[in-house]
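Shown here: data_11.txt, compact mmCIF, C-alpha atoms.
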# COMPACT_ATOMS: atom_id res chain seq x y z
CA MET A 1195 -8.93 3.69 14.98
CA GLN A 1196 -12.37 3.88 16.62
CA LYS A 1197 -15.70 2.12 16.11
CA VAL A 1198 -14.07 -0.85 14.44
CA ARG A 1199 -16.54 -3.03 12.57
CA HIS A 1200 -16.15 -6.78 12.96
CA THR A 1201 -17.13 -8.65 9.84
CA PRO A 1202 -16.15 -12.28 10.59
CA VAL A 1203 -16.17 -13.50 6.98
CA ALA A 1204 -13.96 -11.53 4.58
CA PRO A 1205 -16.03 -11.00 1.43
CA THR A 1206 -15.06 -12.06 -2.05
CA ARG A 1207 -16.50 -9.53 -4.48
CA THR A 1208 -15.89 -6.72 -6.96
CA GLN A 1209 -16.97 -3.18 -6.14
CA ARG A 1210 -16.33 0.33 -7.36
CA LEU A 1211 -15.22 3.28 -5.27
CA ALA A 1212 -15.14 6.90 -6.38
CA SER A 1213 -11.85 8.76 -6.01
CA GLY A 1214 -11.44 9.64 -2.35
CA GLY A 1215 -13.96 7.00 -1.30
CA GLU A 1216 -13.25 5.02 1.87
CA ILE A 1217 -14.13 1.78 3.58
CA ASP A 1218 -14.02 2.47 7.30
CA ALA A 1219 -11.96 0.63 9.91
CA HIS A 1220 -12.91 -3.02 10.22
CA ARG A 1221 -11.47 -6.49 10.73
CA HIS A 1222 -12.18 -10.02 9.59
CA ASP A 1223 -11.58 -13.46 11.03
CA ASP A 1224 -10.38 -14.40 7.53
CA HIS A 1225 -7.40 -13.30 5.46
CA GLN A 1226 -8.07 -11.05 2.49
CA ILE A 1227 -6.43 -10.14 -0.81
CA VAL A 1228 -7.15 -6.55 -1.88
CA TYR A 1229 -6.49 -5.64 -5.51
CA ALA A 1230 -7.27 -2.48 -7.49
CA GLY A 1231 -7.73 -3.38 -11.16
CA ARG A 1232 -8.08 0.34 -11.84
CA GLY A 1233 -6.87 3.24 -9.72
CA THR A 1234 -4.68 3.01 -6.62
CA ILE A 1235 -5.71 1.63 -3.23
CA SER A 1236 -4.20 2.52 0.12
CA VAL A 1237 -4.67 0.45 3.26
CA THR A 1238 -3.96 1.87 6.69
CA THR A 1239 -3.44 -0.04 9.94
CA ASP A 1240 -1.98 0.86 13.31
CA ALA A 1241 1.40 -0.27 11.94
CA GLY A 1242 1.42 2.14 9.00
CA SER A 1243 0.11 2.34 5.46
CA TRP A 1244 0.48 0.41 2.23
CA VAL A 1245 -0.24 1.73 -1.27
CA ALA A 1246 -0.81 -0.44 -4.32
CA PRO A 1247 -1.39 0.51 -7.98
CA ALA A 1248 -2.72 -1.98 -10.54
CA THR A 1249 0.54 -3.94 -10.62
CA ARG A 1250 0.33 -4.74 -6.90
CA ALA A 1251 -2.07 -6.41 -4.46
CA LEU A 1252 -2.34 -6.14 -0.71
CA TRP A 1253 -2.33 -9.05 1.72
CA ILE A 1254 -4.41 -8.38 4.86
CA PRO A 1255 -3.98 -11.13 7.51
CA ALA A 1256 -6.91 -12.30 9.62
CA GLY A 1257 -7.67 -10.05 12.59
CA THR A 1258 -5.89 -6.97 11.18
CA VAL A 1259 -7.84 -3.76 11.76
CA HIS A 1260 -7.64 -1.83 8.51
CA ARG A 1261 -9.34 0.77 6.35
CA HIS A 1262 -9.22 1.42 2.61
CA GLN A 1263 -9.06 4.61 0.59
CA ALA A 1264 -9.43 5.01 -3.17
CA HIS A 1265 -7.10 7.23 -5.16
CA GLY A 1266 -8.57 7.70 -8.60
CA GLU A 1267 -11.69 5.84 -9.76
CA LEU A 1268 -11.29 2.40 -8.25
CA ASP A 1269 -12.26 -1.09 -9.39
CA LEU A 1270 -11.74 -3.00 -6.16
CA HIS A 1271 -11.38 -6.78 -6.13
CA LEU A 1272 -11.57 -8.51 -2.74
CA VAL A 1273 -10.74 -12.17 -2.15
CA GLY A 1274 -11.51 -13.69 1.25
CA LEU A 1275 -9.50 -16.70 2.44
CA PRO A 1276 -10.33 -18.76 5.56
CA ALA A 1277 -7.75 -18.27 8.32
CA PRO A 1278 -6.24 -21.78 7.89
CA VAL A 1279 -5.57 -20.97 4.22
CA ASN A 1280 -2.43 -18.85 4.18
CA PRO A 1281 -0.58 -19.40 0.88
CA LEU A 1282 1.94 -16.66 1.74
CA GLY A 1283 2.73 -17.70 5.30
CA LEU A 1284 2.58 -14.03 6.32
CA ASP A 1285 1.08 -12.71 9.55
CA LYS A 1286 1.54 -9.02 8.69
CA PRO A 1287 0.15 -6.90 5.85
CA ALA A 1288 2.25 -6.89 2.69
CA VAL A 1289 2.27 -5.62 -0.88
CA LEU A 1290 2.63 -8.30 -3.55
CA SER A 1291 3.67 -8.09 -7.18
CA VAL A 1292 0.80 -9.05 -9.49
CA SER A 1293 1.70 -10.80 -12.73
CA PRO A 1294 -0.66 -10.56 -15.73
CA LEU A 1295 -1.83 -14.12 -15.01
CA LEU A 1296 -2.50 -13.44 -11.31
CA ARG A 1297 -4.35 -10.26 -12.24
CA GLU A 1298 -6.75 -12.14 -14.50
CA LEU A 1299 -7.24 -14.90 -11.92
CA ILE A 1300 -8.15 -12.40 -9.19
CA ILE A 1301 -10.58 -10.59 -11.49
CA ALA A 1302 -12.18 -13.88 -12.58
CA CYS A 1303 -12.56 -15.15 -9.01
CA THR A 1304 -14.21 -11.95 -7.84
CA ARG A 1305 -16.50 -11.53 -10.86
CA THR A 1306 -18.72 -14.48 -9.86
CA PRO A 1307 -17.88 -15.17 -6.20
CA GLU A 1308 -21.02 -17.27 -5.66
CA ASP A 1309 -19.90 -19.78 -8.30
CA ASP A 1310 -18.88 -23.02 -6.59
CA SER A 1311 -18.61 -25.14 -9.71
CA PRO A 1312 -15.59 -27.44 -10.21
CA PRO A 1313 -14.08 -25.15 -12.92
CA HIS A 1314 -14.35 -22.15 -10.59
CA ARG A 1315 -12.76 -24.09 -7.71
CA ARG A 1316 -9.89 -25.06 -10.00
CA LEU A 1317 -9.51 -21.42 -11.01
CA ARG A 1318 -9.29 -20.42 -7.36
CA ALA A 1319 -6.72 -23.16 -6.71
CA VAL A 1320 -4.52 -21.81 -9.51
CA MET A 1321 -4.85 -18.31 -8.04
CA LEU A 1322 -3.64 -19.60 -4.67
CA ASP A 1323 -0.68 -21.28 -6.37
CA GLN A 1324 0.20 -18.01 -8.09
CA LEU A 1325 -0.03 -16.12 -4.79
CA LYS A 1326 2.55 -18.46 -3.27
CA THR A 1327 5.15 -17.24 -5.76
CA ALA A 1328 4.14 -13.55 -5.82
CA PRO A 1329 7.17 -11.48 -4.72
CA GLU A 1330 6.68 -9.19 -1.73
CA GLN A 1331 7.32 -5.51 -2.50
CA PRO A 1332 8.87 -2.89 -0.14
CA LEU A 1333 5.93 -0.46 -0.24
CA HIS A 1334 5.18 -0.22 3.47
CA LEU A 1335 5.23 3.24 5.04
CA PRO A 1336 5.64 2.38 8.74
CA ALA A 1337 3.87 4.49 11.33
CA PRO A 1338 6.37 5.94 13.82
CA THR A 1339 5.71 5.54 17.53
CA SER A 1340 8.28 8.10 18.70
CA PRO A 1341 6.64 11.52 19.36
CA LEU A 1342 9.61 13.21 17.66
CA LEU A 1343 9.24 11.10 14.55
CA ARG A 1344 5.51 11.76 14.46
CA LYS A 1345 6.28 15.49 14.29
CA LEU A 1346 8.78 14.85 11.52
CA HIS A 1347 6.28 12.61 9.74
CA ASP A 1348 3.63 15.34 9.82
CA ILE A 1349 6.06 17.79 8.20
CA LEU A 1350 6.98 15.38 5.39
CA ARG A 1351 3.40 14.29 4.74
CA ALA A 1352 2.31 17.94 4.52
CA ASP A 1353 5.08 18.73 2.03
CA PRO A 1354 6.98 15.74 0.56
CA ALA A 1355 9.05 18.22 -1.49
CA ASP A 1356 10.61 19.66 1.69
CA ASN A 1357 14.32 19.21 0.96
CA ARG A 1358 15.66 20.53 4.23
CA SER A 1359 18.34 18.45 5.92
CA LEU A 1360 17.56 16.36 8.97
CA ASP A 1361 19.53 18.86 11.03
CA GLU A 1362 17.37 21.74 9.77
CA LEU A 1363 14.15 19.83 10.36
CA GLY A 1364 15.40 18.83 13.79
CA ARG A 1365 15.78 22.46 14.81
CA GLN A 1366 12.12 23.00 13.96
CA ILE A 1367 10.92 20.18 16.21
CA GLY A 1368 13.54 20.57 18.92
CA ALA A 1369 15.84 17.59 18.32
CA GLY A 1370 19.29 17.04 16.83
CA ALA A 1371 19.94 15.08 13.66
CA ARG A 1372 21.79 12.36 15.57
CA THR A 1373 18.84 11.90 17.93
CA LEU A 1374 16.38 11.70 15.06
CA SER A 1375 18.61 9.27 13.17
CA ARG A 1376 18.76 7.03 16.22
CA HIS A 1377 14.97 7.13 16.58
CA LEU A 1378 14.56 6.26 12.91
CA ARG A 1379 16.91 3.32 13.21
CA ASP A 1380 15.40 2.01 16.46
CA ASP A 1381 11.74 2.71 15.66
CA LEU A 1382 11.51 2.04 11.92
CA GLY A 1383 14.78 0.38 10.93
CA LEU A 1384 15.36 3.04 8.26
CA THR A 1385 17.73 5.89 7.53
CA TYR A 1386 16.26 9.33 6.97
CA PRO A 1387 16.79 9.25 3.16
CA GLN A 1388 15.13 5.80 2.99
CA TRP A 1389 12.13 6.94 5.00
CA ARG A 1390 11.73 10.19 3.08
CA THR A 1391 11.83 8.27 -0.22
CA GLN A 1392 9.05 5.98 1.01
CA VAL A 1393 6.92 8.99 1.99
CA ARG A 1394 7.52 10.54 -1.43
CA LEU A 1395 6.73 7.37 -3.37
CA HIS A 1396 3.47 6.90 -1.49
CA HIS A 1397 2.48 10.48 -2.26
CA ALA A 1398 3.58 10.04 -5.89
CA LEU A 1399 1.28 7.03 -6.33
CA VAL A 1400 -1.66 9.04 -5.03
CA LEU A 1401 -0.92 11.96 -7.36
CA LEU A 1402 -0.47 9.67 -10.38
CA ALA A 1403 -3.80 7.98 -9.62
CA GLY A 1404 -5.41 11.41 -9.74
CA GLY A 1405 -4.02 12.07 -13.21
CA THR A 1406 -1.21 14.47 -12.25
CA PRO A 1407 1.47 14.57 -15.00
CA VAL A 1408 4.75 12.81 -14.24
CA THR A 1409 6.82 16.01 -14.34
CA ALA A 1410 4.46 17.71 -11.89
CA VAL A 1411 4.55 14.67 -9.58
CA ALA A 1412 8.35 14.73 -9.56
CA HIS A 1413 8.35 18.41 -8.62
CA ARG A 1414 5.65 18.15 -5.96
CA CYS A 1415 7.35 15.15 -4.34
CA GLY A 1416 10.80 16.73 -4.13
CA TRP A 1417 12.81 15.07 -6.88
CA SER A 1418 15.29 17.31 -8.68
CA SER A 1419 14.07 16.24 -12.12
CA ALA A 1420 11.50 14.05 -13.80
CA SER A 1421 14.26 11.68 -14.95
CA THR A 1422 15.45 11.17 -11.36
CA PHE A 1423 11.89 10.44 -10.23
CA ILE A 1424 11.33 8.01 -13.10
CA SER A 1425 14.56 6.18 -12.23
CA VAL A 1426 13.58 5.77 -8.56
CA PHE A 1427 10.04 4.76 -9.52
CA ARG A 1428 11.25 2.16 -12.03
CA ARG A 1429 13.73 0.72 -9.53
CA THR A 1430 10.98 0.37 -6.92
CA PHE A 1431 8.00 -0.74 -9.01
CA GLY A 1432 9.60 -2.34 -12.06
CA HIS A 1433 8.02 0.03 -14.57
CA THR A 1434 7.91 3.74 -15.32
CA PRO A 1435 5.23 5.96 -13.74
CA GLY A 1436 3.70 6.62 -17.15
CA SER A 1437 3.20 2.93 -17.90
CA VAL A 1438 0.97 1.90 -14.99
CA PRO A 1439 -1.47 -0.53 -16.63
CA THR A 1440 -5.19 0.15 -16.82
CA PRO A 1441 -7.94 -2.29 -17.77
Any chance you could give the structure as structure tokens?
Amino acid sequence: MQKVRHTPVAPTRTQRLASGGEIDAHRHDDHQIVYAGRGTISVTTDAGSWVAPATRALWIPAGTVHRHQAHGELDLHLVGLPAPVNPLGLDKPAVLSVSPLLRELIIACTRTPEDDSPPHRRLRAVMLDQLKTAPEQPLHLPAPTSPLLRKLHDILRADPADNRSLDELGRQIGAGARTLSRHLRDDLGLTYPQWRTQVRLHHALVLLAGGTPVTAVAHRCGWSSASTFISVFRRTFGHTPGSVPTP
């Protein structure tokens, strides 16, 4: 990432982004909660990318260089927290499950960020309490450092439906399946099927945010059937792809 903006105070506000809109690479001295009340938001750092639909929020620790991208029309809610205030105790980005109550608290706190009245401060305190119990979700797509895995990553990102075996893909990039498996384990801590599923789910979220039908998403992301895709999606996100809430 180049030309990184340094905005010391992480803003608390609501803003809208058109589909495909971006907020360029920047960092804060504060922590930040990023929540898309409508659409799907992706956040990219040097360590990889995180994608969150309206049932998830992103935790961005202080000092993390990151950029945002909107998938679908986006209602973006940003909550800045001073560095000493870390209700999650996390020093790395994470995706958090957002309950209906937490959703409304985030929206309320970002609707009138300049309000410093006692009721608003109490509202913010309840939001912080809810954040403490928000379960972390496994939606991180780690960025590989191995040159071989970067080549493999480029292939899968270009066509998530590529169902070739690791051995077949390895022949294309000049490495054996055992070598690639070892790199995946050492570099990312994942097996090839686990990593490929993460790539596909990230791509699926982007397609769904753009209004692509579920059956088409399943096909374009490499699942054998819509029912298989729905099962994997439900197991990962806790709901079916057709039931992502909207405001």
In the coordinate frame of the file, compute which residues have an atom within 6 Å of (-10.6, 8.1, -8.3) when using all atoms listed in the file, and state them as a VMD selection string. chain A and resid 1212 to 1213 1265 to 1268
Please, which residues in range 1274-1387 of chain A fall within 8 Å of range 1229-1241 of chain A when counting all atoms listed in the file, and what is the closest atom pair and distance in Å to one decimal for each, ordered by chain then residue number, as a tab-separated table?
residue	atom	partner	partner_atom	distance
A:Arg1297	CA	A:Gly1231	CA	7.7
A:Ile1300	CA	A:Tyr1229	CA	7.9
A:Ile1301	CA	A:Gly1231	CA	7.8
A:Pro1336	CA	A:Ala1241	CA	5.9
A:Ala1337	CA	A:Ala1241	CA	5.4
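Using all atoms listed in the file for every distance, the candidate list A:Lys1345, A:Arg1305, A:His1334, A:His1222 yields A:Arg1305 as the residue closest to Gln1209 in chain A.
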Protein/DNA/RNA residues near (4.8, -1.2, -2.7), cut 9 Å, only C-alpha atoms, as a VMD selection string: chain A and resid 1244 to 1247 1250 to 1252 1288 to 1291 1330 to 1335 1395 to 1396 1430 to 1431
With C-alpha atoms retained, export the selected residues as a compact mmCIF listing (two decimals), in the frame of the given file.
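Result saved to again.txt:
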# COMPACT_ATOMS: atom_id res chain seq x y z
CA TRP A 1244 0.48 0.41 2.23
CA VAL A 1245 -0.24 1.73 -1.27
CA ALA A 1246 -0.81 -0.44 -4.32
CA PRO A 1247 -1.39 0.51 -7.98
CA ARG A 1250 0.33 -4.74 -6.90
CA ALA A 1251 -2.07 -6.41 -4.46
CA LEU A 1252 -2.34 -6.14 -0.71
CA ALA A 1288 2.25 -6.89 2.69
CA VAL A 1289 2.27 -5.62 -0.88
CA LEU A 1290 2.63 -8.30 -3.55
CA SER A 1291 3.67 -8.09 -7.18
CA GLU A 1330 6.68 -9.19 -1.73
CA GLN A 1331 7.32 -5.51 -2.50
CA PRO A 1332 8.87 -2.89 -0.14
CA LEU A 1333 5.93 -0.46 -0.24
CA HIS A 1334 5.18 -0.22 3.47
CA LEU A 1335 5.23 3.24 5.04
CA LEU A 1395 6.73 7.37 -3.37
CA HIS A 1396 3.47 6.90 -1.49
CA THR A 1430 10.98 0.37 -6.92
CA PHE A 1431 8.00 -0.74 -9.01
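Reported to one decimal place, the separation of CA of Leu1211 in chain A from CA of Arg1261 in chain A is 13.3 Å.
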Hey, what's within 8 Å of range 1410-1425 of chain A if we count all atoms listed in the file and toss same-chain stuff fewer than 5 positions away? As a PDB file with C-alpha atoms, in the frame of the given file, please?
ATOM      1  CA  ASP A1353       5.080  18.730   2.030  1.00  0.00           C
ATOM      2  CA  PRO A1354       6.980  15.740   0.560  1.00  0.00           C
ATOM      3  CA  ALA A1355       9.050  18.220  -1.490  1.00  0.00           C
ATOM      4  CA  ASP A1356      10.610  19.660   1.690  1.00  0.00           C
ATOM      5  CA  ASN A1357      14.320  19.210   0.960  1.00  0.00           C
ATOM      6  CA  ARG A1394       7.520  10.540  -1.430  1.00  0.00           C
ATOM      7  CA  LEU A1395       6.730   7.370  -3.370  1.00  0.00           C
ATOM      8  CA  HIS A1397       2.480  10.480  -2.260  1.00  0.00           C
ATOM      9  CA  ALA A1398       3.580  10.040  -5.890  1.00  0.00           C
ATOM     10  CA  LEU A1401      -0.920  11.960  -7.360  1.00  0.00           C
ATOM     11  CA  LEU A1402      -0.470   9.670 -10.380  1.00  0.00           C
ATOM     12  CA  THR A1434       7.910   3.740 -15.320  1.00  0.00           C
ATOM     13  CA  PRO A1435       5.230   5.960 -13.740  1.00  0.00           C
TER      14      PRO A1435
END
Centre and edges of the range 1395-1411 of chain A box, axis-aligned, 6 Å extra per side, as JSON:
{"center_x": 0.7, "center_y": 12.3, "center_z": -8.2, "size_x": 24.2, "size_y": 22.8, "size_z": 25.5}
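With only C-alpha atoms as the atoms that count, the minimum distance from Pro1287 in chain A to the choices A:Leu1342, A:Val1228, A:Leu1384, A:Leu1275 is reached by A:Val1228.
Minimum distance to Leu1382 in chain A across A:Leu1363, A:Leu1343, A:Leu1270, A:Ala1352 (counting only C-alpha atoms) occurs at A:Leu1343.
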Residues near Ile1367 in chain A, cut-off 12 Å, only C-alpha atoms, skip fewer than 3 positions along chain, as an mmCIF file with C-alpha atoms, in the coordinates of the input:
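Output saved as selection.cif:
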data_model
loop_
_atom_site.group_PDB
_atom_site.id
_atom_site.type_symbol
_atom_site.label_atom_id
_atom_site.label_comp_id
_atom_site.auth_asym_id
_atom_site.auth_seq_id
_atom_site.Cartn_x
_atom_site.Cartn_y
_atom_site.Cartn_z
ATOM 1 C CA PRO A 1341 6.640 11.520 19.360
ATOM 2 C CA LEU A 1342 9.610 13.210 17.660
ATOM 3 C CA LEU A 1343 9.240 11.100 14.550
ATOM 4 C CA ARG A 1344 5.510 11.760 14.460
ATOM 5 C CA LYS A 1345 6.280 15.490 14.290
ATOM 6 C CA LEU A 1346 8.780 14.850 11.520
ATOM 7 C CA HIS A 1347 6.280 12.610 9.740
ATOM 8 C CA ASP A 1348 3.630 15.340 9.820
ATOM 9 C CA ILE A 1349 6.060 17.790 8.200
ATOM 10 C CA LEU A 1360 17.560 16.360 8.970
ATOM 11 C CA ASP A 1361 19.530 18.860 11.030
ATOM 12 C CA GLU A 1362 17.370 21.740 9.770
ATOM 13 C CA LEU A 1363 14.150 19.830 10.360
ATOM 14 C CA GLY A 1364 15.400 18.830 13.790
ATOM 15 C CA GLY A 1370 19.290 17.040 16.830
ATOM 16 C CA ALA A 1371 19.940 15.080 13.660
ATOM 17 C CA THR A 1373 18.840 11.900 17.930
ATOM 18 C CA LEU A 1374 16.380 11.700 15.060
#
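The residue that comes closest to Ser1293 in chain A, out of A:Pro1205, A:Pro1307, A:Pro1329, A:Pro1387 and on the basis of only C-alpha atoms, is A:Pro1329.
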Calculated over all atoms listed in the file, which of the candidates A:Arg1390, A:His1260, A:Lys1286, A:Lys1197 has the smallest distance to Leu1378 in chain A? A:Arg1390
